[in-house]
Every structure is written in structure tokens, then in C-alpha cells.
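Peer 1: Just dropping this structure here.
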Amino acid sequence: MNTKRRKTWQAKLDNDKDLPKVVEIAGKMTQRWGESTVVVPAPREVDELMKQVPRGKLATINEIRAALARRHNATLGCPITTGIFAWIAAHAAEEAASKGKVRITPHWRTLKSDGQLNEKYPGGVEAQKKRLEAEGHTVARKGKRLVVAGFEGSLFAFRA
């Protein structure tokens with residue numbers, strides 16, 4: 001019998017794992033990214049940036065990656081870990097809400113790079129759509145995907 005308890009989403013968010021760190025891009029990765037540096041952020045850094053996005057504004061995961069790169073003087077923010085940590089932040093926010101916390105990370109305001117809703121967030125795209133529309137955004141179908149219409153005009157400008 002496995003008696004090991006699963007980590008809470010908040011515990012996952014709080015585990016910095018010796019991050020952030022800036023590393024040189026090497027090997028096969030240089031074919032895609034060039035010879036440069038990449039910042040692997042800490043989970044709480046991604047959450048902190050997501051918390052900055054006010055009602056009526058939006059961010060894409062690429063905007064968050066760019067803000068992280070500027071913060072750490074790196075060429076780019078890691079696309080894989082930034083996406084994973086945004087997913088963890090979203091689940092930690094909903095976990096906190098389920099315990100009665102009212103002010104949570106507004107994860108629904110963080111979109112995929114092309115303005116697409118994120119099916120991996122708690123409640124899927126329908127929950128994200130509902131929250132975005134409640135804040136005045138228009139969500140439209142683009143093929144099989146849901147996107148925020150004209151999202152570019154609502155992008156939040158992160159400070160360096």
C-alpha cells in the first residue's frame with residue numbers, strides 16, 4: 001500500500017529547485033535557438049508575473065518568457081519550464097480558491113502564444129472562456145481552437 005501523500009499544487013509552486021538559473025544554449029539546441037543564453041525560471045517567478053496582469057489585460061506565455069529573459073539578462077526564457085510553471089500556478093490558484101482564498105493568481109489572463117486559451121488550466125478552455133468573457137474579452141472559435149479576439153490590443157506591458 002502506497003501511503004505517500006501527493007504534493008499540493010502550492011508545495012509544487014513553492015519548490016524552486018535551485019532556480020532560476022541562466023545557462024548557455026549548446027548542442028542541438030543551437031540549431032533552433034542560436035548561440036545564446038536561456039533562463040530557466042523559478043516557479044514562483046512565473047506566478048509573480050501572472051499576478052501582475054490586471055483585470056481587462058492579458059498576457060501570453062511568450063510575454064512572460066520575454067519578461068523573465070529581461071529580468072535575468074538572458075536571450076530567452078525557457079519555453080518548456082515557463083509553460084509548466086504557469087500550469088502549476090493555475091492549479092495552485094484554484095487549490096487556494098477551493099480553500100476559501102478570494103485573491104488568487106488570475107491565471108485565466110495568461111494565454112498561449114497565439115492568443116489561444118489553455119486547455120490544461122483547471123476547468124479547461126470553457127472555464128477560462130467564462131472568466132475572460134466576464135472581464136469583457138471576446139472569445140472566438142478559430143478552427144478547433146478558442147482564442148481571444150484582438151488579444152494583442154489587451155496585452156499587459158511587463159516592466160523590465
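Letters A, B, ... go to the chains of the C-alpha cells in the order shown; residues in each chain start at 1; ligands are counted from 1 in the same order.
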Find the spatial neighbours of A:Arg44, counting only C-alpha atoms, within a cut-off of 7 Å - ignore same-chain residues fewer than 4 positions away - and output them as an MDAnalysis selection string.

Peer 2: chainID A and resid 13:14 48

Peer 1: Kindly export the residues of the current selection with N, CA and C atoms, as a short mmCIF file (atom, residue, chain, number, x, y, z; two decimals), in the first residue's frame.

Peer 2:
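After the write, again_20.cif holds the following:
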```cif
data_model
loop_
_atom_site.label_atom_id
_atom_site.label_comp_id
_atom_site.auth_asym_id
_atom_site.auth_seq_id
_atom_site.Cartn_x
_atom_site.Cartn_y
_atom_site.Cartn_z
N LEU A 13 4.51 24.78 -6.37
CA LEU A 13 4.81 26.17 -6.72
C LEU A 13 5.95 26.72 -5.87
N ASP A 14 5.99 26.34 -4.61
CA ASP A 14 6.99 26.85 -3.67
C ASP A 14 8.36 26.18 -3.80
N GLU A 48 4.46 35.10 -9.98
CA GLU A 48 4.53 36.53 -9.66
C GLU A 48 4.19 37.38 -10.89
#
```

Peer 1: Would you please give, as a ChimeraX atom specification, all residues of chain A that DSSP assigns to alpha helix (DSSP H) based on the backbone?

Peer 2: /A:9-14,29-33,43-52,61-71,79-98,124-134

Peer 1: Smallest atom-to-atom distance to A:Lys21: which of A:His72, A:His91, A:Arg65, A:Lys120, using only C-alpha atoms?

Peer 2: A:His72

Peer 1: Looking at A:Ala157, A:Ile61, A:Ile88, A:Ala74, which one is nearest to A:Asn15, with distances taken over only C-alpha atoms?

Peer 2: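 For A:Asn15, the nearest of the candidates is A:Ile88.
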
Peer 1: For A:Arg55, which residue out of A:Thr105, A:Gly150, A:Ala11, A:Gln116 is the nearest one, using only C-alpha atoms?

Peer 2: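 That would be A:Thr105, the residue with the smallest distance to A:Arg55.
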
Peer 1: Once DSSP has gone over the backbone, tell me which residues of chain A are in strand (DSSP E), as a ChimeraX atom specification.

Peer 2: /A:21-24,37-40,59-60,76-77,110-111,139-142,145-148

Peer 1: Keeping only N, CA and C atoms, take the residues you just selected and write them out as a compact mmCIF listing (two decimals), in the first residue's frame.

Peer 2:
```txt
# COMPACT_ATOMS: atom_id res chain seq x y z
N LYS A 21 18.01 29.91 -13.03
CA LYS A 21 19.40 29.83 -13.46
C LYS A 21 19.45 30.15 -14.96
N VAL A 22 20.55 30.78 -15.33
CA VAL A 22 20.79 31.13 -16.73
C VAL A 22 21.86 30.19 -17.25
N VAL A 23 21.56 29.55 -18.37
CA VAL A 23 22.51 28.60 -18.95
C VAL A 23 22.77 28.92 -20.42
N GLU A 24 23.94 28.54 -20.86
CA GLU A 24 24.31 28.70 -22.28
C GLU A 24 23.54 27.65 -23.10
N THR A 37 21.79 32.55 -24.45
CA THR A 37 21.51 32.07 -23.09
C THR A 37 20.01 31.95 -22.88
N VAL A 38 19.65 31.05 -22.00
CA VAL A 38 18.25 30.84 -21.66
C VAL A 38 18.11 30.86 -20.14
N VAL A 39 17.06 31.52 -19.67
CA VAL A 39 16.79 31.49 -18.24
C VAL A 39 15.76 30.41 -17.97
N VAL A 40 16.08 29.56 -17.01
CA VAL A 40 15.13 28.57 -16.50
C VAL A 40 14.58 29.21 -15.22
N ALA A 59 -1.90 38.46 -20.93
CA ALA A 59 -0.50 38.16 -21.19
C ALA A 59 -0.47 36.85 -21.98
N THR A 60 0.55 36.70 -22.79
CA THR A 60 0.78 35.41 -23.41
C THR A 60 1.98 34.79 -22.72
N LEU A 76 16.63 34.44 -23.90
CA LEU A 76 15.25 33.99 -23.92
C LEU A 76 14.88 33.27 -22.63
N GLY A 77 13.58 33.18 -22.41
CA GLY A 77 13.05 32.41 -21.28
C GLY A 77 12.71 31.02 -21.77
N THR A 110 -3.60 34.58 -18.69
CA THR A 110 -2.39 34.16 -19.40
C THR A 110 -2.79 33.17 -20.48
N LEU A 111 -2.52 33.56 -21.72
CA LEU A 111 -2.90 32.77 -22.89
C LEU A 111 -1.68 32.09 -23.49
N VAL A 139 -14.23 35.85 -26.86
CA VAL A 139 -13.57 34.59 -27.21
C VAL A 139 -14.24 34.06 -28.47
N ALA A 140 -13.42 33.72 -29.45
CA ALA A 140 -13.93 33.25 -30.74
C ALA A 140 -13.31 31.91 -31.10
N ARG A 141 -14.02 31.17 -31.92
CA ARG A 141 -13.51 29.90 -32.40
C ARG A 141 -12.66 30.17 -33.64
N LYS A 142 -11.48 29.58 -33.66
CA LYS A 142 -10.56 29.69 -34.80
C LYS A 142 -10.17 28.27 -35.15
N ARG A 145 -9.74 25.65 -32.24
CA ARG A 145 -9.23 26.31 -31.05
C ARG A 145 -10.10 27.49 -30.64
N LEU A 146 -10.01 27.85 -29.37
CA LEU A 146 -10.66 29.07 -28.87
C LEU A 146 -9.56 30.10 -28.63
N VAL A 147 -9.77 31.32 -29.13
CA VAL A 147 -8.81 32.40 -28.98
C VAL A 147 -9.52 33.66 -28.52
N VAL A 148 -8.76 34.57 -27.89
CA VAL A 148 -9.31 35.87 -27.54
C VAL A 148 -9.16 36.75 -28.77
```

Peer 1: Could you list, as a PyMOL selection string, every residue within 12 Å of A:Ala127, counting only C-alpha atoms and ignoring same-chain residues fewer than 2 positions away?

Peer 2: chain A and resi 90+94+107-109+117-125+129-134+139+146

Peer 1: So how many Å separate atom CA of A:Thr138 and atom CA of A:Thr81, to one decimal?

Peer 2: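 Rounded to one decimal, the two atoms are 28.7 Å apart.
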
Peer 1: Would you mind listing what lies within 10 Å of A:Gly83 as a PyMOL selection string, with only C-alpha atoms counted and same-chain residues fewer than 4 positions away left out?

Peer 2: chain A and resi 43+46+61-62+64-65+78-79+87-89+112

Peer 1: Suppose we keep N, CA and C atoms; can you now write the selection as a PDB file, in the first residue's frame?

Peer 2:
```pdb
ATOM      1  N   PRO A  43       9.473  28.560 -10.284  1.00  0.00           N
ATOM      2  CA  PRO A  43       8.008  28.545 -10.405  1.00  0.00           C
ATOM      3  C   PRO A  43       7.349  29.812  -9.849  1.00  0.00           C
ATOM      4  N   VAL A  46       7.264  32.856 -12.237  1.00  0.00           N
ATOM      5  CA  VAL A  46       6.211  32.806 -13.249  1.00  0.00           C
ATOM      6  C   VAL A  46       4.888  33.221 -12.616  1.00  0.00           C
ATOM      7  N   ILE A  61       2.131  33.515 -22.877  1.00  0.00           N
ATOM      8  CA  ILE A  61       3.274  32.832 -22.277  1.00  0.00           C
ATOM      9  C   ILE A  61       4.573  33.405 -22.852  1.00  0.00           C
ATOM     10  N   ASN A  62       4.541  33.854 -24.111  1.00  0.00           N
ATOM     11  CA  ASN A  62       5.740  34.456 -24.709  1.00  0.00           C
ATOM     12  C   ASN A  62       6.078  35.793 -24.064  1.00  0.00           C
ATOM     13  N   ILE A  64       5.525  36.546 -20.952  1.00  0.00           N
ATOM     14  CA  ILE A  64       6.114  36.179 -19.664  1.00  0.00           C
ATOM     15  C   ILE A  64       7.557  35.706 -19.859  1.00  0.00           C
ATOM     16  N   ARG A  65       7.783  34.908 -20.881  1.00  0.00           N
ATOM     17  CA  ARG A  65       9.147  34.438 -21.175  1.00  0.00           C
ATOM     18  C   ARG A  65      10.082  35.614 -21.468  1.00  0.00           C
ATOM     19  N   CYS A  78      12.975  30.031 -20.960  1.00  0.00           N
ATOM     20  CA  CYS A  78      12.740  28.641 -21.350  1.00  0.00           C
ATOM     21  C   CYS A  78      11.254  28.403 -21.630  1.00  0.00           C
ATOM     22  N   PRO A  79      10.918  27.968 -22.850  1.00  0.00           N
ATOM     23  CA  PRO A  79       9.520  27.752 -23.180  1.00  0.00           C
ATOM     24  C   PRO A  79       8.891  26.574 -22.429  1.00  0.00           C
ATOM     25  N   TRP A  87       1.211  26.419 -15.598  1.00  0.00           N
ATOM     26  CA  TRP A  87       0.207  25.374 -15.329  1.00  0.00           C
ATOM     27  C   TRP A  87       0.135  25.089 -13.834  1.00  0.00           C
ATOM     28  N   ILE A  88       1.299  24.991 -13.177  1.00  0.00           N
ATOM     29  CA  ILE A  88       1.332  24.758 -11.734  1.00  0.00           C
ATOM     30  C   ILE A  88       0.714  25.953 -11.002  1.00  0.00           C
ATOM     31  N   ALA A  89       1.046  27.176 -11.427  1.00  0.00           N
ATOM     32  CA  ALA A  89       0.486  28.380 -10.795  1.00  0.00           C
ATOM     33  C   ALA A  89      -1.035  28.399 -10.920  1.00  0.00           C
ATOM     34  N   LYS A 112      -1.957  31.179 -24.390  1.00  0.00           N
ATOM     35  CA  LYS A 112      -0.870  30.610 -25.176  1.00  0.00           C
ATOM     36  C   LYS A 112      -0.350  31.707 -26.106  1.00  0.00           C
TER      37      LYS A 112
END
```

Peer 1: Could you work out how far atom CA of A:Gln128 lies from atom CA of A:Arg5, giving the answer in Å with one decimal?

Peer 2: 29.0 Å

Peer 1: Mind giving me the straight-line distance from atom CA of A:Asp47 to atom CA of A:Ala86 in Å, one decimal?

Peer 2: 6.6 Å
